[in-house]
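Engineer: Following this line is start_14.cif, made up of mmCIF, C-alpha atoms:
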```
data_coords
#
loop_
_atom_site.group_PDB
_atom_site.id
_atom_site.type_symbol
_atom_site.label_atom_id
_atom_site.label_comp_id
_atom_site.auth_asym_id
_atom_site.auth_seq_id
_atom_site.Cartn_x
_atom_site.Cartn_y
_atom_site.Cartn_z
ATOM 1 C CA GLY A 27 -14.905 106.676 66.388
ATOM 2 C CA ALA A 28 -14.072 103.028 66.627
ATOM 3 C CA VAL A 29 -16.884 100.549 66.146
ATOM 4 C CA VAL A 30 -17.516 97.245 67.852
ATOM 5 C CA SER A 31 -20.192 95.071 66.323
ATOM 6 C CA GLN A 32 -21.937 92.360 68.308
ATOM 7 C CA HIS A 33 -24.161 89.675 66.850
ATOM 8 C CA PRO A 34 -26.854 88.536 67.354
ATOM 9 C CA SER A 35 -28.710 91.344 69.110
ATOM 10 C CA TRP A 36 -31.166 88.889 70.574
ATOM 11 C CA VAL A 37 -31.584 85.122 70.675
ATOM 12 C CA ILE A 38 -34.033 82.655 72.159
ATOM 13 C CA CYS A 39 -32.850 79.108 72.692
ATOM 14 C CA LYS A 40 -34.016 75.932 74.366
ATOM 15 C CA SER A 41 -32.505 74.685 77.601
ATOM 16 C CA GLY A 42 -29.532 72.456 77.001
ATOM 17 C CA THR A 43 -28.499 73.999 73.722
ATOM 18 C CA SER A 44 -25.476 76.208 73.057
ATOM 19 C CA VAL A 45 -25.453 79.771 71.815
ATOM 20 C CA LYS A 46 -22.553 81.642 70.242
ATOM 21 C CA ILE A 47 -22.228 85.415 70.439
ATOM 22 C CA GLU A 48 -19.752 87.258 68.239
ATOM 23 C CA CYS A 49 -17.959 90.496 68.957
ATOM 24 C CA ARG A 50 -16.025 92.187 66.157
ATOM 25 C CA SER A 51 -13.887 95.285 66.093
ATOM 26 C CA LEU A 52 -14.648 96.773 62.680
ATOM 27 C CA ASP A 53 -11.971 99.382 62.158
ATOM 28 C CA PHE A 54 -9.271 98.581 64.649
ATOM 29 C CA GLN A 55 -7.415 95.606 66.063
ATOM 30 C CA ALA A 56 -8.247 94.505 69.553
ATOM 31 C CA THR A 57 -5.816 92.227 71.331
ATOM 32 C CA THR A 58 -8.089 92.376 74.346
ATOM 33 C CA MET A 59 -11.856 92.315 74.602
ATOM 34 C CA PHE A 60 -14.058 92.238 77.654
ATOM 35 C CA TRP A 61 -17.299 90.356 78.150
ATOM 36 C CA TYR A 62 -19.921 91.662 80.556
ATOM 37 C CA ARG A 63 -23.268 90.360 81.755
ATOM 38 C CA GLN A 64 -26.169 92.452 82.959
ATOM 39 C CA PHE A 65 -29.158 91.066 84.825
ATOM 40 C CA PRO A 66 -32.392 93.083 84.895
ATOM 41 C CA LYS A 67 -32.042 96.339 86.798
ATOM 42 C CA GLN A 68 -28.470 95.474 87.713
ATOM 43 C CA SER A 69 -25.221 96.947 86.527
ATOM 44 C CA LEU A 70 -22.810 95.403 84.085
ATOM 45 C CA MET A 71 -20.546 92.829 85.673
ATOM 46 C CA LEU A 72 -17.330 91.694 84.054
ATOM 47 C CA MET A 73 -17.362 88.006 83.175
ATOM 48 C CA ALA A 74 -14.033 87.527 81.476
ATOM 49 C CA THR A 75 -11.188 89.114 79.589
ATOM 50 C CA SER A 76 -10.581 87.726 76.130
ATOM 51 C CA ASN A 77 -6.964 87.731 74.954
ATOM 52 C CA GLU A 78 -5.996 87.193 71.330
ATOM 53 C CA GLY A 79 -3.926 84.061 70.942
ATOM 54 C CA SER A 80 -4.169 82.954 74.555
ATOM 55 C CA LYS A 81 -6.640 81.738 77.119
ATOM 56 C CA ALA A 82 -9.307 83.997 78.481
ATOM 57 C CA THR A 83 -9.171 85.214 82.045
ATOM 58 C CA TYR A 84 -12.383 84.589 83.972
ATOM 59 C CA GLU A 85 -13.712 86.496 86.924
ATOM 60 C CA GLN A 86 -14.399 84.690 90.156
ATOM 61 C CA GLY A 87 -17.624 82.747 90.047
ATOM 62 C CA VAL A 88 -17.810 82.535 86.254
ATOM 63 C CA GLU A 89 -17.645 78.958 84.966
ATOM 64 C CA LYS A 90 -15.074 78.789 82.197
ATOM 65 C CA ASP A 91 -16.418 75.457 80.943
ATOM 66 C CA LYS A 92 -19.850 76.941 80.579
ATOM 67 C CA PHE A 93 -18.895 80.250 79.035
ATOM 68 C CA LEU A 94 -16.363 79.433 76.351
ATOM 69 C CA ILE A 95 -14.408 82.356 75.000
ATOM 70 C CA ASN A 96 -12.344 82.256 71.848
ATOM 71 C CA HIS A 97 -10.289 85.178 70.566
ATOM 72 C CA ALA A 98 -8.931 83.680 67.371
ATOM 73 C CA SER A 99 -8.061 86.891 65.564
ATOM 74 C CA LEU A 100 -7.333 90.521 66.298
ATOM 75 C CA THR A 101 -10.853 91.509 65.301
ATOM 76 C CA LEU A 102 -13.059 88.735 66.605
ATOM 77 C CA SER A 103 -13.921 87.325 69.998
ATOM 78 C CA THR A 104 -16.716 84.828 70.569
ATOM 79 C CA LEU A 105 -18.613 83.841 73.691
ATOM 80 C CA THR A 106 -20.379 80.486 73.638
ATOM 81 C CA VAL A 107 -22.907 79.739 76.336
ATOM 82 C CA THR A 108 -22.926 75.952 76.548
ATOM 83 C CA SER A 109 -25.794 73.821 77.839
ATOM 84 C CA ALA A 110 -27.809 76.948 78.464
ATOM 85 C CA HIS A 111 -30.271 77.116 81.354
ATOM 86 C CA PRO A 112 -33.011 79.651 82.062
ATOM 87 C CA GLU A 113 -30.812 81.294 84.702
ATOM 88 C CA ASP A 114 -28.344 82.149 81.946
ATOM 89 C CA SER A 115 -30.939 84.465 80.451
ATOM 90 C CA SER A 116 -29.350 87.873 80.548
ATOM 91 C CA PHE A 117 -27.938 90.741 78.524
ATOM 92 C CA TYR A 118 -24.399 90.053 77.341
ATOM 93 C CA ILE A 119 -22.216 92.824 76.011
ATOM 94 C CA CYS A 120 -18.631 93.025 74.821
ATOM 95 C CA SER A 121 -16.181 95.887 74.732
ATOM 96 C CA ALA A 122 -12.739 96.646 73.421
ATOM 97 C CA PRO A 123 -10.315 99.357 74.463
ATOM 98 C CA ASP A 124 -9.036 101.632 71.738
ATOM 99 C CA ARG A 125 -5.825 101.081 69.803
ATOM 100 C CA ARG A 126 -3.719 102.499 72.545
ATOM 101 C CA GLY A 127 -5.425 100.142 74.941
ATOM 102 C CA ASN A 128 -5.781 102.634 77.693
ATOM 103 C CA THR A 129 -8.476 105.146 77.009
ATOM 104 C CA GLU A 130 -11.989 104.943 75.771
ATOM 105 C CA ALA A 131 -13.747 101.607 75.701
ATOM 106 C CA PHE A 132 -16.035 100.839 72.793
ATOM 107 C CA PHE A 133 -19.046 98.645 73.314
ATOM 108 C CA GLY A 134 -20.995 96.299 71.126
ATOM 109 C CA GLN A 135 -24.747 96.604 70.867
ATOM 110 C CA GLY A 136 -25.306 93.777 73.314
ATOM 111 C CA THR A 137 -27.118 90.437 73.030
ATOM 112 C CA ARG A 138 -30.324 89.653 74.847
ATOM 113 C CA LEU A 139 -30.319 85.915 75.559
ATOM 114 C CA THR A 140 -33.496 84.171 76.626
ATOM 115 C CA VAL A 141 -33.340 80.493 77.497
ATOM 116 C CA VAL A 142 -36.703 78.720 77.553
ATOM 117 C CA LYS B 21 -11.198 96.376 94.819
ATOM 118 C CA GLN B 22 -12.756 99.298 93.003
ATOM 119 C CA GLU B 23 -16.400 99.984 93.763
ATOM 120 C CA VAL B 24 -18.580 102.518 92.020
ATOM 121 C CA THR B 25 -21.730 103.949 93.563
ATOM 122 C CA GLN B 26 -24.339 106.061 91.829
ATOM 123 C CA ILE B 27 -26.881 108.231 93.571
ATOM 124 C CA PRO B 28 -29.804 108.500 93.184
ATOM 125 C CA ALA B 29 -30.868 105.096 91.882
ATOM 126 C CA ALA B 30 -33.873 106.676 90.205
ATOM 127 C CA LEU B 31 -34.963 110.209 89.434
ATOM 128 C CA SER B 32 -38.107 111.693 87.954
ATOM 129 C CA VAL B 33 -38.179 115.350 86.927
ATOM 130 C CA PRO B 34 -40.428 117.616 84.871
ATOM 131 C CA GLU B 35 -39.224 118.665 81.453
ATOM 132 C CA GLY B 36 -36.923 121.669 81.431
ATOM 133 C CA GLU B 37 -35.297 121.080 84.776
ATOM 134 C CA ASN B 38 -31.561 121.023 85.259
ATOM 135 C CA LEU B 39 -30.355 117.950 87.119
ATOM 136 C CA VAL B 40 -27.267 116.373 88.597
ATOM 137 C CA LEU B 41 -26.349 112.710 88.750
ATOM 138 C CA ASN B 42 -23.693 111.601 91.186
ATOM 139 C CA CYS B 43 -20.999 108.961 90.979
ATOM 140 C CA SER B 44 -18.403 107.994 93.560
ATOM 141 C CA PHE B 45 -15.573 105.492 93.439
ATOM 142 C CA THR B 46 -13.464 104.001 96.200
ATOM 143 C CA ASP B 47 -10.022 103.844 94.567
ATOM 144 C CA SER B 48 -8.841 107.208 93.280
ATOM 145 C CA ALA B 49 -6.102 105.612 91.162
ATOM 146 C CA ILE B 50 -8.164 105.673 87.997
ATOM 147 C CA TYR B 51 -7.081 106.259 84.424
ATOM 148 C CA ASN B 52 -10.356 107.655 83.207
ATOM 149 C CA LEU B 53 -14.060 107.845 83.926
ATOM 150 C CA GLN B 54 -16.853 107.455 81.422
ATOM 151 C CA TRP B 55 -20.524 108.273 81.513
ATOM 152 C CA PHE B 56 -22.832 106.116 79.420
ATOM 153 C CA ARG B 57 -26.472 106.139 78.501
ATOM 154 C CA GLN B 58 -28.443 102.908 78.246
ATOM 155 C CA ASP B 59 -31.943 102.719 76.867
ATOM 156 C CA PRO B 60 -34.143 99.783 77.954
ATOM 157 C CA GLY B 61 -32.978 96.540 76.370
ATOM 158 C CA LYS B 62 -30.268 98.325 74.425
ATOM 159 C CA GLY B 63 -26.505 98.628 74.474
ATOM 160 C CA LEU B 64 -24.402 101.471 75.792
ATOM 161 C CA THR B 65 -23.899 104.897 74.288
ATOM 162 C CA SER B 66 -20.799 106.690 75.463
ATOM 163 C CA LEU B 67 -21.617 110.248 76.513
ATOM 164 C CA LEU B 68 -18.473 111.699 77.991
ATOM 165 C CA LEU B 69 -14.968 110.489 78.775
ATOM 166 C CA ILE B 70 -12.853 112.282 81.361
ATOM 167 C CA GLN B 71 -9.171 111.456 81.609
ATOM 168 C CA SER B 72 -7.724 111.397 85.112
ATOM 169 C CA SER B 73 -5.789 114.588 84.393
ATOM 170 C CA GLN B 74 -8.941 116.462 83.405
ATOM 171 C CA ARG B 75 -11.530 118.083 85.615
ATOM 172 C CA GLU B 76 -14.496 118.253 83.275
ATOM 173 C CA GLN B 77 -15.855 117.556 79.831
ATOM 174 C CA THR B 78 -18.798 119.102 78.036
ATOM 175 C CA SER B 79 -20.969 117.931 75.186
ATOM 176 C CA GLY B 80 -24.051 119.917 74.327
ATOM 177 C CA ARG B 81 -26.350 119.998 77.332
ATOM 178 C CA LEU B 82 -24.158 117.571 79.233
ATOM 179 C CA ASN B 83 -21.306 118.473 81.534
ATOM 180 C CA ALA B 84 -19.318 115.953 83.540
ATOM 181 C CA SER B 85 -16.882 116.855 86.282
ATOM 182 C CA LEU B 86 -14.242 114.756 87.971
ATOM 183 C CA ASP B 87 -12.656 115.203 91.386
ATOM 184 C CA LYS B 88 -10.217 112.348 91.418
ATOM 185 C CA SER B 89 -8.830 113.000 94.873
ATOM 186 C CA SER B 90 -12.231 112.766 96.508
ATOM 187 C CA GLY B 91 -13.402 109.962 94.234
ATOM 188 C CA ARG B 92 -16.390 111.797 92.806
ATOM 189 C CA SER B 93 -17.889 112.683 89.477
ATOM 190 C CA THR B 94 -21.102 114.451 88.557
ATOM 191 C CA LEU B 95 -23.080 114.514 85.350
ATOM 192 C CA TYR B 96 -25.027 117.714 84.852
ATOM 193 C CA ILE B 97 -27.896 117.715 82.368
ATOM 194 C CA ALA B 98 -29.259 121.107 81.441
ATOM 195 C CA ALA B 99 -32.801 121.778 80.301
ATOM 196 C CA SER B 100 -33.856 118.149 80.468
ATOM 197 C CA GLN B 101 -36.087 116.695 77.747
ATOM 198 C CA PRO B 102 -38.277 113.571 77.619
ATOM 199 C CA GLY B 103 -35.771 112.091 75.194
ATOM 200 C CA ASP B 104 -33.194 112.152 77.975
ATOM 201 C CA SER B 105 -35.123 109.420 79.796
ATOM 202 C CA ALA B 106 -32.767 106.459 80.139
ATOM 203 C CA THR B 107 -30.398 104.830 82.589
ATOM 204 C CA TYR B 108 -27.125 106.664 83.053
ATOM 205 C CA LEU B 109 -24.097 104.596 83.978
ATOM 206 C CA CYS B 110 -20.810 105.763 85.409
ATOM 207 C CA ALA B 111 -17.725 103.597 84.919
ATOM 208 C CA VAL B 112 -14.070 103.909 85.840
ATOM 209 C CA SER B 113 -10.995 102.324 84.337
ATOM 210 C CA GLY B 114 -7.523 101.676 85.686
ATOM 211 C CA GLY B 115 -5.994 101.811 82.209
ATOM 212 C CA ASN B 116 -6.130 98.887 79.757
ATOM 213 C CA THR B 117 -8.368 97.201 82.276
ATOM 214 C CA PRO B 118 -12.074 96.501 82.122
ATOM 215 C CA LEU B 119 -14.455 99.150 83.284
ATOM 216 C CA VAL B 120 -16.048 98.964 86.708
ATOM 217 C CA PHE B 121 -19.626 100.142 86.515
ATOM 218 C CA GLY B 122 -22.033 101.659 88.965
ATOM 219 C CA LYS B 123 -25.599 100.383 89.076
ATOM 220 C CA GLY B 124 -26.834 103.427 87.238
ATOM 221 C CA THR B 125 -29.425 106.129 87.715
ATOM 222 C CA ARG B 126 -32.779 105.627 85.994
ATOM 223 C CA LEU B 127 -33.938 109.006 84.781
ATOM 224 C CA SER B 128 -37.492 109.830 83.758
ATOM 225 C CA VAL B 129 -38.206 113.253 82.296
ATOM 226 C CA ILE B 130 -41.911 113.994 82.310
ATOM 227 C CA ALA B 131 -43.366 116.146 79.550
#
```
Show me the file's structure as structure tokens.

Structural biologist:
Amino acid sequence: GAVVSQHPSWVICKSGTSVKIECRSLDFQATTMFWYRQFPKQSLMLMATSNEGSKATYEQGVEKDKFLINHASLTLSTLTVTSAHPEDSSFYICSAPDRRGNTEAFFGQGTRLTVV
Amino acid sequence: KQEVTQIPAALSVPEGENLVLNCSFTDSAIYNLQWFRQDPGKGLTSLLLIQSSQREQTSGRLNASLDKSSGRSTLYIAASQPGDSATYLCAVSGGNTPLVFGKGTRLSVIA
């Protein structure tokens, strides 16, 4: 099946710094990718939809200036957490629908971010 | 707005038992439904995908059913094993749209 690779799998950073998370579709092109966040013992909540060649669409309550999304190619989307704070500590995970864009979603391995 | 509910939130069973996890969704206009497994601190493993036109899917000891009209799905796990211990997530999609997840059921299978 299709593979989505997410990197890094975990990162610890200091408050005020920025962290970039990459999401790559390895064997298919993804014009759309989705970024989710999961707090401990909570479900995955959609943060934003990343669109290749255009601006990302953010869900209500998600600060677009804080969570910068870039989808520069058909195989790569990046999420940059800017000026990170401890409350940004969470599990971030990306997904991409399959080639046909309407069936199975493939997920990256996730990134555990800890801001100290 | 689509909402997905999973019951129970947590479940502990002895090894060998058959068990059922429940998922319900408020908007029956879905394209598909997926069941995932998530181990602590890990990503998601897709278990079963049911298209809206299907009623069930099977993979090994797992069987998932879908009743789209009533907004329900069940995941049946036969002969549970300690290795099945994980959180099981149900998610629905409207087609080329992001998945809407339930909060999951945390399963513990005791040896």

Engineer: Identify every residue of chain B that has at least one atom within 10 Å of any atom of chain A, counting only C-alpha atoms, and report the result as a count of residues only.

Structural biologist: 32

Engineer: Report, in Å with one decimal, the straight-line distance from CA of Lys46 in chain A to CA of Gln86 in chain A.

Structural biologist: 21.7 Å

Engineer: Residues within 10 Å of Pro112 in chain A, please, as a PDB file with C-alpha atoms, in the coordinates of the input. Count all atoms listed in the file; anything in the same chain fewer than 4 positions from it doesn't count.

Structural biologist:
```
ATOM      1  CA  CYS A  39     -32.850  79.108  72.692  1.00  0.00           C
ATOM      2  CA  LYS A  40     -34.016  75.932  74.366  1.00  0.00           C
ATOM      3  CA  SER A  41     -32.505  74.685  77.601  1.00  0.00           C
ATOM      4  CA  GLY A  42     -29.532  72.456  77.001  1.00  0.00           C
ATOM      5  CA  SER A 116     -29.350  87.873  80.548  1.00  0.00           C
ATOM      6  CA  LEU A 139     -30.319  85.915  75.559  1.00  0.00           C
ATOM      7  CA  THR A 140     -33.496  84.171  76.626  1.00  0.00           C
ATOM      8  CA  VAL A 141     -33.340  80.493  77.497  1.00  0.00           C
ATOM      9  CA  VAL A 142     -36.703  78.720  77.553  1.00  0.00           C
TER      10      VAL A 142
END
```

Engineer: Going by the chain IDs and residue numbers used in this file, which residues fall under the PyMOL selection byres ((chain B and resi 35-42) around 7)? Write them as a PyMOL selection string.

Structural biologist: chain B and resi 26-27+33-34+43-44+93-102+129-131

Engineer: What is the distance, in Å and to one decimal place, between CA of Phe93 in chain A and CA of Asp59 in chain B?

Structural biologist: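 Computing it gives 26.1 Å between the two atoms.
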
Engineer: Got a sec to resolve the PyMOL selection byres ((chain A and resi 55) around 8) on this structure and send the residues as a ChimeraX atom specification?

Structural biologist: /A:51,53-54,56-57,100-101,125

Engineer: Using all atoms listed in the file, which of A:Thr108, A:Ser103, A:Ser115, A:Ser44 sits nearest Val30 in chain A?

Structural biologist: A:Ser103

Engineer: So the first atom is CA of Leu31 in chain B and the second is CA of Leu127 in chain B; what is the distance between them in Å, to one decimal place?

Structural biologist: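 Those two atoms sit 4.9 Å apart.
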
Engineer: Which one is closest to Val24 in chain B: B:Ser128, B:Gly103, B:Arg92, B:Gln58? Count all atoms listed in the file.

Structural biologist: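 Of B:Ser128, B:Gly103, B:Arg92, B:Gln58, the one nearest Val24 in chain B, counting all atoms listed in the file, is B:Arg92.
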
Engineer: Mind checking which residues fall within 6 Å of Glu76 in chain B, counting only C-alpha atoms, ignoring those fewer than 2 positions away in the same chain, and posting them as a PyMOL selection string?

Structural biologist: chain B and resi 74+84-86

Engineer: With 3 Å added on each side, what axis-aligned box encloses every listed atom of range 62-73 of chain B? Give the centre and edge lengths in Å to one decimal, as AutoDock Vina command-line options.

Structural biologist:
```
--center_x -18.0 --center_y 106.5 --center_z 79.7 --size_x 30.5 --size_y 22.3 --size_z 16.8
```

Engineer: With 9 Å as the threshold, what does the neighbourhood of (-14.9, 98.8, 97.5) contain in terms of residues, counting all atoms listed in the file? Coordinates are those of the file; answer as an MDAnalysis selection string.

Structural biologist: chainID B and resid 21:24 45:47

Engineer: Decode the PyMOL selection byres ((chain A and resi 82) around 10) for the given file into explicit residues and return them as a list in words.

Structural biologist: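 That expression, the PyMOL selection byres ((chain A and resi 82) around 10), corresponds here to Thr58, Met59, Phe60, Ala74, Thr75, Ser76, Asn77, Glu78, Gly79, Ser80, Lys81, Thr83, Tyr84, Glu85, Lys90, Leu94, Ile95, Asn96 and His97 of chain A.
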